[in-house]
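Shown next, in structure tokens, is the structure this report addresses.
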Amino acid sequence: MTPPTTGHAVSLRGLTKVFGGQTVVDALDLDVDSGEFFSLLGPSGCGKTTTLRMIAGFSDPTAGQVLVGGEDVTSTPPHRRDVNTVFQSYALFEHLDVRRNVGFGLRRKGIDKGEIDQRVGEMLELVELGDRVRDRPAQLSGGQRQRVALARALINRPKVLLLDEPLAALDLKLRHAMQAELKSIQREVGITFLFVTHDQDEALSMSDRVAIMNGGVIEQCGTPEDVYENPTSVFAAGFIGTSNLMPGVYASGTVAVTSDLRIPVPGHTTSVDGDQVSVAIRPEKIWMSDFTPAMVQTPGTIVSTSYHGATTQYLVSVGTGITLTVLEQNLPRMRADDRWNAGDRVEIGWLPEHAVVLR
Amino acid sequence: MAAEAPHAPPGVQRRRSSQHTRMWGYLLALPTVWMVTFFISSMVIVVLLSFGTTTRDGFPVFGTNSGNFSALWDEVYLRLFVRSLLYALATVALSVLIAYPVAYAIALHGGRYKNALIAAIVVPFFASYLIRMYAWKALLSDDGLLNSGLRKAGLGDGISFLNTPWAVIGGLVYGFVVFMILPVYASLERMDTSLIEAGNDLYHSPLRTFFTVTLPATRAGLYGGMLLVFLPALGDFVSAQLLGGSSTFMIGNLIQQQFVEGQNWPLGSAMTVAMMAALTVLMVVYLRATSTKAREL
Amino acid sequence: MARAKKLERKPLVAVVVTVLFFAWLYVPIFAVALFSFNDKKSLSAFSGFSTRWYVDFFHNEALLESLRASLLIALVSAVGSLVLGTMLAFGLERVRSRRGRVVGAITLLPLVTPEIVTGVAALLVFTGAGLKLGLDTVILAEITFSIAYVTVIVRGRLASFPLEVEEAARDLGCTPWQSLRLVTLPALVPALIASGLLVFALVFDDFVLAFFTTGVDPQPLPVRIYSSIRFGVSPAINAVGTLMLLVSALLIVAALMLPRLFKSRSSSLDLITGGERR
């Protein structure tokens, strides 16, 4: 019952989709490991859903291959692929009760009734719907419908489960609860999840690895921490979280942003002097007090402040045309008059390794 | 993974989306063949036979003479054509006069009985047209309920309601007014009623409000309904047959006679073609006119 | 509630016309029903209650044969047009091509053609093809005419059916045909039953098409009634007519109620405004 822990659950080789002259997915190469929770993250229209549909078999690739469990399924129809999907709209069968919805796939495989009943029972326990067995989908709430859709797909123990923005229709509270639950279910069943979303929080909090897609290509692929801390492209840095992006010229271990402001980038080795690059610093990595000697410091002026409850956001001008966003935690020891006001002269600082060079 | 679906060898299946489209294409094929065989071809045969003749024994044969059409250019037939047209137009006019108040009352003041009231109109209309025509014949006949009621009240002795143009037109309205009520009702339902309130505030006259606000807003339903009433009314022969007499006959009666009694099928076909041609011309003109009007809105 | 108040100024004229209209609509029908229970032959003086005309009807072998013929025609036509109309609805909804639109327009043509034209044309094509006029020719003509109703109703329901549900079925192991059979068709059941009932009711008492395409024996019930009422009225016809009205009315009420029973969002009105016939 435990799927193999080595090898790739899904591999894409030069996968390409052209719609009416427009390249939606552009020569995609990707390997998703078995048992992994993998997210395709990107804005709408980036090709992530099209990629998912090609893996499921609903859409024919223009070029390239789809491999599931090492086997080429590029021209295999959806019903013969060992892949199941949780649809964004859930796509439940309204004329069948919960039990028959969940048992639908097993029945198609011709498994005997006793086993189907047993597995449906187990699966409904797993998603905590044991008491709604005889209900029609129309009688369920949004969150319950979502669980039925999940159970209906999971029960087939596919090599990979595709999830197409399954939480998008839920309200915020329920969405957070379901994120945690999805993750724990995935750990429990050990099936590979390929999760498509445009919500960076969702992708970061649930995934083992994240691929950031834009314009039909993967911009960056790595662990959530990796893609957040070390973005490798301007798009990745801007799409995940917010970043202070500053264009400048690379010169011997620093980037000259303005004539006054040279930002040291000690770890960076791939640029040569004179290269046009960008430097990115996350707003929460910038300090406005309690500096340590290792920090890079520069003076600035508060342009504006906005209060966000747990945090306060400042816009700080640090020279001609450069305004940085700084996010400060509203710590317990801080009082209202401890916060800065617009016009205040301040000192800001960050650790050198938090300045990331993007090319 | 004991319950895994067996995998077919890769590469043997065709791409499924094309396979899928082909499946829908097959579904389209049979009904298409059916409609072409029984509807399109039947229309073609009517046109072909309208140029035909009958043998001495009365059998229809195809031909290429236009004699049937020139035979139609005759005072008797022309008068009948004009009469049919007038009856159908009168039917449309009366239907409009009935449909607006009825649809208005139900749509805006029907409250929770709206659907029930509409159903109460729809159900008898879709149940036997023939029996409803018969009901009028029974009511209006010389020894029918209406006449006996009038006699009892001393209001007259044996008025002939049947065999009058108004009996025939009344029958047509009774038969087809639902096709006016439903579209007008639908467009009144869709209409923003605050417009009517605004109109009432502005003009202080329900009638002026109706003509400046309600009527333009429901134009689409009105135009559609007029067409839906006119088409079947022009081709009807049951009303004239049951409620009227030879002095109120319409094109439908004439065509029916050629096919059932007169047994001159080519002539009947020519009449049918002539009617369809007239209808097509009228419809094109009508659609042109109403669509420009609709655009002006 | 300013809005309700203003609309409460009921337009008296409209209400009066509506009341008169309902009277005009129902008085003749109720008169027919009433006098079908008259014990004398009169259609103007009700002298006593009797079911003799109904008893007569159920002993009149010719009329009963016509009734059976009409029921058979209605049943076969309903099934036939249901099959063809549903196929057409699927084809038109799923094949978005020029060819599909042309076919779609052709199917709707019978709805805007005066019925006498359809009837005459059907008569010519059947005799031209050497078919003997009889119940089968009536059925062929009625199916041709009824396909449009089924197509309009089923297509309306199909258009609101999410394609993702069909994909979900294929994802769970259905071939395209299986997903159609196991998922899409069950979702269409209310629309299918409703259009079947509607077609049955319309065909059952259709006169014009049957009149042109029927043979001599047995004649469909409306044709037989027509030939006897052309020259006069009689309580026996009242009895038959009352029965026919009742059967059709029940079927149509059932068709209208159906979407509601299945908790469908489509209103009963959509069912009718889609097409027109008499």
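Residue numbering restarts at 1 in every chain; chains get A, B, ... in the order shown in the structure tokens, and ligands count up from 1 in that same order.
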Using 8 Å as the limit and counting only C-alpha atoms, can you tabulate each residue of chain A that touches chain C, with its shortest atom-to-atom distance in Å and the two atoms involved, as a Markdown table?
| residue | atom | partner | partner_atom | distance |
| --- | --- | --- | --- | --- |
| A:Ala56 | CA | C:Asp171 | CA | 7.2 |
| A:Phe58 | CA | C:Glu167 | CA | 7.2 |
| A:Pro78 | CA | C:Asp171 | CA | 5.5 |
| A:His79 | CA | C:Gly173 | CA | 3.9 |
| A:Arg80 | CA | C:Gly173 | CA | 6.5 |
| A:Arg81 | CA | C:Asp171 | CA | 7.9 |
| A:Val83 | CA | C:Asp171 | CA | 7.4 |
| A:Asn84 | CA | C:Asp171 | CA | 5.8 |
| A:Thr85 | CA | C:Asp171 | CA | 6.7 |
| A:Phe87 | CA | C:Glu164 | CA | 7.5 |
| A:Ser89 | CA | C:Glu164 | CA | 7.7 |
| A:Ala91 | CA | C:Val165 | CA | 4.5 |
| A:Leu92 | CA | C:Val165 | CA | 6.5 |
| A:Phe93 | CA | C:Val183 | CA | 6.8 |
| A:Glu94 | CA | C:Ala187 | CA | 7.5 |
| A:His95 | CA | C:Ala187 | CA | 6.5 |
| A:Phe104 | CA | C:Leu172 | CA | 7.0 |
| A:Gly105 | CA | C:Leu172 | CA | 4.6 |
| A:Arg108 | CA | C:Gly173 | CA | 5.8 |
| A:Lys109 | CA | C:Gly173 | CA | 7.2 |
| A:Ala153 | CA | C:Leu172 | CA | 7.5 |
Contacts of Val249 in chain A within 10 Å, only C-alpha atoms, excl. fewer than 5 positions in-chain, as a ChimeraX atom specification: /A:254-258,262,271-279
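If you measure from each of C:Leu82, C:Leu67, C:Leu92, C:Ala254 to chain B using only C-alpha atoms, the closest one turns out to be C:Leu92.
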Every residue of range 10-98 of chain B that DSSP places in strand (DSSP E), as a ChimeraX atom specification: /B:53-54,60-61
Residue set, range 61-305 of chain A restricted to helix (DSSP H, G or I), as JSON, numbers by chain: {"A": [78, 79, 80, 98, 99, 100, 101, 102, 103, 104, 105, 106, 107, 108, 113, 114, 115, 116, 117, 118, 119, 120, 121, 122, 123, 124, 125, 126, 130, 131, 132, 137, 138, 139, 142, 143, 144, 145, 146, 147, 148, 149, 150, 151, 152, 153, 154, 172, 173, 174, 175, 176, 177, 178, 179, 180, 181, 182, 183, 184, 185, 186, 187, 188, 189, 200, 201, 202, 203, 204, 205, 206, 224, 225, 226, 227, 228, 229, 234, 235, 236, 237, 238, 239, 283, 284, 285]}
